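Worksheet: the structure to be examined is printed underneath.
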Amino acid sequence: MEILVCVKRVPDTAENEFELNSDGNDLDRDDLVYSVNEWDNYAVEEAIQIVDNVGGSVTVITVGDDESEEVLRREMAMGANNGILLTDDDFEGSDGKGIATILKAEIEKGNYDLIMTGAQADEGAGQVGGMIAAMMDLPYASLVNKIETGDGKITVGREIEGGNQEMNEIELPCVVSIQTGINEPRYVGIRGIRKVASVEIPEKGASDIGVDAAAVGEAGAKTKRIDYFVPDLGDGAEMLEGSTEEIITALIEKLKAKGGL
Amino acid sequence: MTQIYAYITFANGVAEDVALEYPSAAKKIDEGATVTAVVTGSGADLDKVAGDLTATYAEVIKVDNADMAYPNAEVVRKALVNILPSDAIVLVPHNTFGMDLAPGLSVKMDSSYAADIVDFEGIDGTVLKMVRQELGGAVSTHVTTDISAGAVVTVRPGAFAPVEGAAAGGSVTDKSGDAGDLASKRKFLEVVEAEVGDVDITKSDVLVSIGRGIEDEDNIEVAEELAEAMGAVVSCSRPIVDAKWLEKSRQVGTSGQTVKPKVYMAMGISGSFQHMGGIKGNPYIVAVNKNPKAPIFQVADLGIVEDILDFMPELTEAINDL
């Protein structure tokens with residue numbers, strides 16, 4: 001099975017405390033730690049396991065700048081066979097549809113049976129996979145937490161409300177978005193990264209993949225982020241301060257009053 | 001006047017809560033907007049929901065087709081594309097069904113798309129201004145979208161105040177005949193119910209709930225000792241289950257269990273909306289997190305900035321000494 005996994009370089013929510021810049025309209029990005037979108041690691045792991053079972057290859061692709069190459073290399077260190085970096089100044093400022101349009105242009109040049117994305121990324125929209133599928137008239141399933149391969153089709157479980165799982169049969173080729181927990185992504189060590197350090201990763205721009213630059217990027221975006229802000233949500237929590245001992249004494253009194261002890 | 005179409009999901013003949021939240025959302029889009037409810041499905045359940053919705057909506061469109069007896073997003077999308085005006089503003093719940101449906105719907109309707117909206121700030125010309133969150137709720141953003149060719153917008157369940165006691169006296173329009181060809185390359189098979197775990201976290205008055213801050217599987221013992229001292233049980237957020245450190249039945253959240261404790265101890269939990277969505281009944285929430293900017297502090301009643309791995313053992317000891 002030929003599998004393509006769309007991945008993204010994102011600010012790492014586990015490693016950063018997010019602050020606004022001095023103008024208050026963007027994140028302070030100077031010291032941000034970036035990594036592969038967490039959901040994408042599960043997608044790449046799933047793709048590798050499928051190929052281990054039924055043969056084929058795994059290609060990882062991203063839309064981004066030069067620095068995004070590092071996430072492709074990391075996923076190749078996990079075991080993905082090929083990487084493709086879609087990069088062009090004209091891609092900057094793309095909305096979800098812009099990203100889907102760019103990815104679709106390259107996907108159509110390949111011969112993929114299964115296209116995967118993470119269920120969502122840093123922006124939390126969970127939109128690109130469903131858009132690619134609709135643009136290419138391929139069937140789609142989101143929030144997939146189980147895949148069984150079959151002949152010309154796959155059976156997928158979708159994680160739905162209440163911890164239940166919705167089983168579907170989907171014809172190939174298709175697009176799925178992968179939910180965390182579907183597998184246990186393998187660890188990638190320094191040695192693994194080194195092994196793929198010199199593998200060539202092709203870079204392609206708008207003209208290479210035949211995308212109209214005016215239809216993507218800032219120019220083509222119908223949905224735009226205006227600013228970042230920290231909402232004023234009223235009082236928030238009453239914060240207990242002082243020494244740990246003082247905090248514990250106060251907390252125990254609160255817990256007694258509220259039925260916690 | 002803005003015309004809005006609100007797609008409503010339902011289960012067992014009962015509309016989901018978002019049905020009462022859309023009217024508030026629509027008012028924030030445009031005070032004078034008219035909102036038409038849209039429901040798809042099959043048979044008696046659909047008829048009941050459509051009838052119920054006439055209390056809240058002046059017009060309810062129903063689409064009845066055996067292929068939609070279970071809401072397969074691929075099939076529903078095809079029906080909606082055939083039924084809705086191409087420049088419609090369509091609201092869809094940002095739940096597991098909406099996430100399946102809405103991105104593709106916006107492509108097929110050739111309209112703009114905005115996901116997981118928590119607030120609307122009105123329309124200026126052809127531009128709709130909205131609020132959403134990024135990075136797991138750590139920051140909010142204003143976004144705009146051009147609605148001149150229509151828009152599909154997913155709305156976060158619970159983000160808008162439900163309307164109460166509405167008496168719209170509406171009517172149901174049957175558009176089943178306009179659904180068109182619903183053939184799909186995706187076939188629904190069955191729903192597999194969640195496994196029942198060793199402990200029923202929904203029955204406990206006090207939960208010691210752990211998140212990423214627990215750092216390592218071996219540290220779960222520390223939470224168990226605190227739970228034992230408090231007469232509580234240990235529950236968790238999603239990353240703990242993803243790491244296979246605790247059973248799925250221990251997970252609190254929209255994709256896990258819905259709990260109604262009296263006291264909820266959020267230990268090293270950041271507080272994503274998916275997690276908070278599983279906590280009902282307005283419990284007293286104590287949050288302990290070493291990150292003072294963790295979103296959990298915005299929704300908790302009591303906040304403590306400490307490392308749970310140091311704090312929990314000390315708290316356990318103090319409680320045991322009482």
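Scheme for the structure tokens: letters A, B, ... for chains in order shown; per-chain residue numbers from 1; ligand numbers from 1 in order shown.
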Select from chain A every residue with an atom at most 7 Å from any atom of chain B, then for each give the shortest pair of atoms and their distance in Å to one decimal, using only C-alpha atoms, rows by chain and rising number, as CSV.
residue,atom,partner,partner_atom,distance
A:Thr13,CA,B:Leu135,CA,6.4
A:Glu17,CA,B:Lys293,CA,6.9
A:Phe18,CA,B:Ala138,CA,6.8
A:Asp122,CA,B:Leu135,CA,5.0
A:Glu123,CA,B:Glu134,CA,4.6
A:Gly124,CA,B:Glu134,CA,5.9
A:Ala125,CA,B:Ala115,CA,5.1
A:Gly126,CA,B:Met99,CA,6.8
A:Gln127,CA,B:Pro103,CA,5.3
A:Gly130,CA,B:Gly104,CA,5.0
A:Met131,CA,B:Gly104,CA,4.9
A:Ala134,CA,B:Gly104,CA,4.9
A:Met135,CA,B:Val107,CA,6.6
A:Pro139,CA,B:Lys185,CA,5.8
A:Ala141,CA,B:Asp100,CA,6.4
A:Ser142,CA,B:Asp100,CA,5.3
A:Ile160,CA,B:Thr96,CA,5.6
A:Glu161,CA,B:Ser255,CA,4.7
A:Gly162,CA,B:Gly256,CA,4.8
A:Gly163,CA,B:Gly256,CA,4.6
A:Asn164,CA,B:Ala194,CA,4.7
A:Gln165,CA,B:Val192,CA,5.0
A:Glu166,CA,B:Val191,CA,4.4
A:Met167,CA,B:Glu190,CA,5.3
A:Asn168,CA,B:Phe188,CA,4.5
A:Glu169,CA,B:Lys187,CA,5.1
A:Ile170,CA,B:Arg186,CA,4.4
A:Glu171,CA,B:Lys185,CA,5.6
A:Thr180,CA,B:Asp242,CA,6.3
A:Gly181,CA,B:Asp242,CA,4.1
A:Lys222,CA,B:Asp146,CA,5.3
A:Thr223,CA,B:Thr145,CA,4.2
A:Lys224,CA,B:Thr144,CA,5.3
A:Arg225,CA,B:Val143,CA,4.3
A:Ile226,CA,B:His142,CA,5.4
A:Asp227,CA,B:Thr141,CA,5.5
A:Tyr228,CA,B:Thr141,CA,4.3
A:Phe229,CA,B:Ser140,CA,5.2
A:Val230,CA,B:Val139,CA,5.6
A:Pro231,CA,B:Ser140,CA,6.5
A:Leu233,CA,B:Gln298,CA,6.6
A:Gly236,CA,B:Gln298,CA,4.2
A:Ala237,CA,B:Asp301,CA,4.5
A:Glu238,CA,B:Leu302,CA,4.8
A:Met239,CA,B:Gly303,CA,4.5
A:Leu240,CA,B:Ile304,CA,5.5
A:Ile248,CA,B:Leu315,CA,6.2
A:Lys258,CA,B:Tyr284,CA,6.9
A:Gly259,CA,B:Lys262,CA,6.8
A:Gly260,CA,B:Val263,CA,5.6
A:Leu261,CA,B:Met230,CA,5.7
Skip Thr202 (chain B) itself and residues of its chain fewer than 2 positions away, then list as an MDAnalysis selection string all residues within 7 Å of it, counting only C-alpha atoms.
chainID B and resid 200 204 258:260
DSSP-assigned strand (DSSP E or B) among region 12-249 of chain A, expressed as a PyMOL selection string:
chain A and resi 20+27+34-36+57-63+82-86+114-118+140-149+153-159+165-171+174-178+203-204+223-229+238-240
Create the file for the chosen residues now, containing C-alpha atoms and written as a compact mmCIF listing (two decimals), in the first residue's frame.
# COMPACT_ATOMS: atom_id res chain seq x y z
CA LEU A 20 2.02 37.43 23.53
CA LEU A 27 2.76 34.95 20.03
CA TYR A 34 8.75 23.45 17.88
CA SER A 35 8.13 19.79 17.19
CA VAL A 36 6.04 17.48 15.03
CA SER A 57 5.93 2.64 1.22
CA VAL A 58 5.32 5.63 3.44
CA THR A 59 5.87 9.19 2.22
CA VAL A 60 5.68 12.15 4.58
CA ILE A 61 4.80 15.59 3.24
CA THR A 62 4.49 19.04 4.72
CA VAL A 63 3.77 22.60 3.69
CA ASN A 82 10.35 9.43 1.52
CA GLY A 83 9.82 13.08 2.35
CA ILE A 84 8.47 15.98 0.31
CA LEU A 85 8.69 19.62 1.37
CA LEU A 86 6.22 21.99 -0.28
CA LEU A 114 -4.20 5.94 1.59
CA ILE A 115 -3.71 9.54 2.65
CA MET A 116 -3.43 10.33 6.34
CA THR A 117 -3.38 13.48 8.44
CA GLY A 118 -3.40 14.01 12.18
CA TYR A 140 -13.01 10.37 4.23
CA ALA A 141 -13.18 9.38 7.87
CA SER A 142 -12.00 11.57 10.73
CA LEU A 143 -10.78 10.76 14.26
CA VAL A 144 -9.71 7.24 13.28
CA ASN A 145 -8.42 5.08 16.14
CA LYS A 146 -8.34 1.70 14.40
CA ILE A 147 -7.45 0.53 10.88
CA GLU A 148 -7.75 -2.95 9.41
CA THR A 149 -6.60 -3.39 5.83
CA LYS A 153 -10.82 -1.22 1.17
CA ILE A 154 -10.08 -0.63 4.82
CA THR A 155 -12.17 -0.95 7.94
CA VAL A 156 -11.73 1.97 10.29
CA GLY A 157 -12.89 2.74 13.80
CA ARG A 158 -13.75 6.37 14.55
CA GLU A 159 -13.56 7.66 18.09
CA GLN A 165 -16.15 3.52 18.42
CA GLU A 166 -17.94 3.88 15.09
CA MET A 167 -16.88 1.22 12.57
CA ASN A 168 -16.91 2.01 8.86
CA GLU A 169 -15.79 0.32 5.68
CA ILE A 170 -14.12 2.66 3.19
CA GLU A 171 -13.05 2.06 -0.38
CA CYS A 174 -9.30 7.33 0.75
CA VAL A 175 -8.31 9.96 3.29
CA VAL A 176 -8.34 9.41 7.05
CA SER A 177 -7.45 11.65 9.99
CA ILE A 178 -5.75 9.84 12.85
CA GLU A 203 11.52 20.86 -2.28
CA LYS A 204 8.68 21.96 -4.51
CA THR A 223 -10.45 32.90 6.51
CA LYS A 224 -7.79 34.95 8.28
CA ARG A 225 -6.40 35.20 11.77
CA ILE A 226 -6.42 38.84 12.88
CA ASP A 227 -4.63 38.60 16.19
CA TYR A 228 -3.89 36.54 19.26
CA PHE A 229 -5.18 37.50 22.67
CA GLU A 238 -8.92 31.63 43.59
CA MET A 239 -5.15 31.09 43.79
CA LEU A 240 -3.67 29.70 46.97
Hey, can you check how far CA of Asn81 (chain A) sits from CA of Asp12 (chain A)?
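For CA of Asn81 (chain A) relative to CA of Asp12 (chain A), the distance reads 24.8 Å.
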Among the residues B:Gly41, B:Gly32, B:Asn289, B:Lys62, the one that comes closest to Ser171 (chain B) [using only C-alpha atoms]:
B:Lys62
Minimum-distance residue to Met76 (chain A), chosen among A:Lys109, A:Arg194, A:Arg29, A:Arg9 (using only C-alpha atoms)
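Checking each candidate against Met76 (chain A), we get A:Arg194 as the closest.
Coordinates place CA of Glu38 (chain A) at a distance of 27.3 Å from CA of Gly150 (chain A).
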For the structure I just gave you, how does DSSP split region 98-296 of chain B - specifically, which residues are alpha helix (DSSP H)? Reply as an mmCIF file with N, CA and C atoms, in the first residue's frame.
data_model
loop_
_atom_site.group_PDB
_atom_site.id
_atom_site.type_symbol
_atom_site.label_atom_id
_atom_site.label_comp_id
_atom_site.auth_asym_id
_atom_site.auth_seq_id
_atom_site.Cartn_x
_atom_site.Cartn_y
_atom_site.Cartn_z
ATOM 1 N N GLY B 98 -19.561 16.607 13.469
ATOM 2 C CA GLY B 98 -19.310 17.854 12.748
ATOM 3 C C GLY B 98 -17.923 17.906 12.138
ATOM 4 N N MET B 99 -16.942 17.362 12.877
ATOM 5 C CA MET B 99 -15.567 17.351 12.352
ATOM 6 C C MET B 99 -15.467 16.442 11.129
ATOM 7 N N ASP B 100 -16.335 15.434 11.077
ATOM 8 C CA ASP B 100 -16.351 14.503 9.954
ATOM 9 C C ASP B 100 -17.017 15.149 8.730
ATOM 10 N N LEU B 101 -18.033 15.952 9.013
ATOM 11 C CA LEU B 101 -18.881 16.518 7.952
ATOM 12 C C LEU B 101 -18.369 17.829 7.380
ATOM 13 N N ALA B 102 -18.041 18.763 8.264
ATOM 14 C CA ALA B 102 -17.992 20.175 7.881
ATOM 15 C C ALA B 102 -16.869 20.568 6.907
ATOM 16 N N PRO B 103 -15.618 20.091 7.073
ATOM 17 C CA PRO B 103 -14.577 20.543 6.131
ATOM 18 C C PRO B 103 -14.922 20.197 4.674
ATOM 19 N N GLY B 104 -15.383 18.983 4.458
ATOM 20 C CA GLY B 104 -15.751 18.568 3.102
ATOM 21 C C GLY B 104 -16.977 19.328 2.606
ATOM 22 N N LEU B 105 -17.916 19.597 3.513
ATOM 23 C CA LEU B 105 -19.112 20.357 3.126
ATOM 24 C C LEU B 105 -18.727 21.734 2.593
ATOM 25 N N SER B 106 -17.774 22.378 3.257
ATOM 26 C CA SER B 106 -17.371 23.719 2.813
ATOM 27 C C SER B 106 -16.716 23.663 1.427
ATOM 28 N N VAL B 107 -16.006 22.581 1.144
ATOM 29 C CA VAL B 107 -15.395 22.424 -0.190
ATOM 30 C C VAL B 107 -16.487 22.247 -1.237
ATOM 31 N N LYS B 108 -17.426 21.361 -0.959
ATOM 32 C CA LYS B 108 -18.466 21.052 -1.946
ATOM 33 C C LYS B 108 -19.432 22.224 -2.148
ATOM 34 N N ILE B 220 1.959 7.177 38.930
ATOM 35 C CA ILE B 220 0.513 7.063 39.140
ATOM 36 C C ILE B 220 0.213 6.606 40.566
ATOM 37 N N GLU B 221 1.128 5.824 41.109
ATOM 38 C CA GLU B 221 1.015 5.373 42.493
ATOM 39 C C GLU B 221 0.790 6.547 43.453
ATOM 40 N N VAL B 222 1.475 7.645 43.183
ATOM 41 C CA VAL B 222 1.364 8.828 44.043
ATOM 42 C C VAL B 222 -0.073 9.357 44.044
ATOM 43 N N ALA B 223 -0.697 9.336 42.874
ATOM 44 C CA ALA B 223 -2.090 9.783 42.771
ATOM 45 C C ALA B 223 -3.020 8.793 43.459
ATOM 46 N N GLU B 224 -2.705 7.507 43.329
ATOM 47 C CA GLU B 224 -3.540 6.490 43.968
ATOM 48 C C GLU B 224 -3.501 6.618 45.490
ATOM 49 N N GLU B 225 -2.341 6.970 46.003
ATOM 50 C CA GLU B 225 -2.223 7.141 47.454
ATOM 51 C C GLU B 225 -3.024 8.344 47.928
ATOM 52 N N LEU B 226 -3.004 9.414 47.154
ATOM 53 C CA LEU B 226 -3.812 10.587 47.501
ATOM 54 C C LEU B 226 -5.306 10.235 47.432
ATOM 55 N N ALA B 227 -5.674 9.525 46.384
ATOM 56 C CA ALA B 227 -7.082 9.133 46.226
ATOM 57 C C ALA B 227 -7.529 8.285 47.412
ATOM 58 N N GLU B 228 -6.660 7.374 47.815
ATOM 59 C CA GLU B 228 -7.006 6.505 48.943
ATOM 60 C C GLU B 228 -7.208 7.325 50.215
ATOM 61 N N ALA B 229 -6.322 8.280 50.442
ATOM 62 C CA ALA B 229 -6.427 9.133 51.628
ATOM 63 C C ALA B 229 -7.720 9.942 51.613
ATOM 64 N N MET B 230 -8.157 10.334 50.408
ATOM 65 C CA MET B 230 -9.353 11.168 50.292
ATOM 66 C C MET B 230 -10.632 10.346 50.135
ATOM 67 N N ARG B 238 -6.887 12.624 28.620
ATOM 68 C CA ARG B 238 -6.628 11.780 27.459
ATOM 69 C C ARG B 238 -5.173 11.274 27.312
ATOM 70 N N PRO B 239 -4.160 12.129 27.522
ATOM 71 C CA PRO B 239 -2.791 11.653 27.275
ATOM 72 C C PRO B 239 -2.416 10.425 28.103
ATOM 73 N N ILE B 240 -3.021 10.285 29.275
ATOM 74 C CA ILE B 240 -2.705 9.149 30.148
ATOM 75 C C ILE B 240 -3.229 7.847 29.534
ATOM 76 N N VAL B 241 -4.394 7.960 28.886
ATOM 77 C CA VAL B 241 -4.968 6.780 28.224
ATOM 78 C C VAL B 241 -4.214 6.495 26.918
ATOM 79 N N ASP B 242 -3.866 7.566 26.198
ATOM 80 C CA ASP B 242 -3.083 7.380 24.960
ATOM 81 C C ASP B 242 -1.774 6.648 25.253
ATOM 82 N N PHE B 273 -10.858 21.991 26.349
ATOM 83 C CA PHE B 273 -12.320 22.003 26.400
ATOM 84 C C PHE B 273 -12.880 20.594 26.250
ATOM 85 N N GLN B 274 -12.135 19.722 25.542
ATOM 86 C CA GLN B 274 -12.616 18.342 25.419
ATOM 87 C C GLN B 274 -12.611 17.650 26.784
ATOM 88 N N HIS B 275 -11.627 17.978 27.593
ATOM 89 C CA HIS B 275 -11.576 17.391 28.938
ATOM 90 C C HIS B 275 -12.679 17.995 29.812
ATOM 91 N N MET B 276 -12.761 19.333 29.832
ATOM 92 C CA MET B 276 -13.742 19.989 30.698
ATOM 93 C C MET B 276 -15.172 19.616 30.300
ATOM 94 N N ILE B 296 -6.509 25.560 32.737
ATOM 95 C CA ILE B 296 -7.338 25.007 33.815
ATOM 96 C C ILE B 296 -7.606 26.052 34.899
#
Would you kindly return, as number ranges by chain, each protein, DNA or RNA residue with an atom no farther than 6 Å from any atom of region 86-92 of chain B, considering only C-alpha atoms and excluding same-chain residues fewer than 2 positions away?
B: 4-7, 98, 109, 149-154
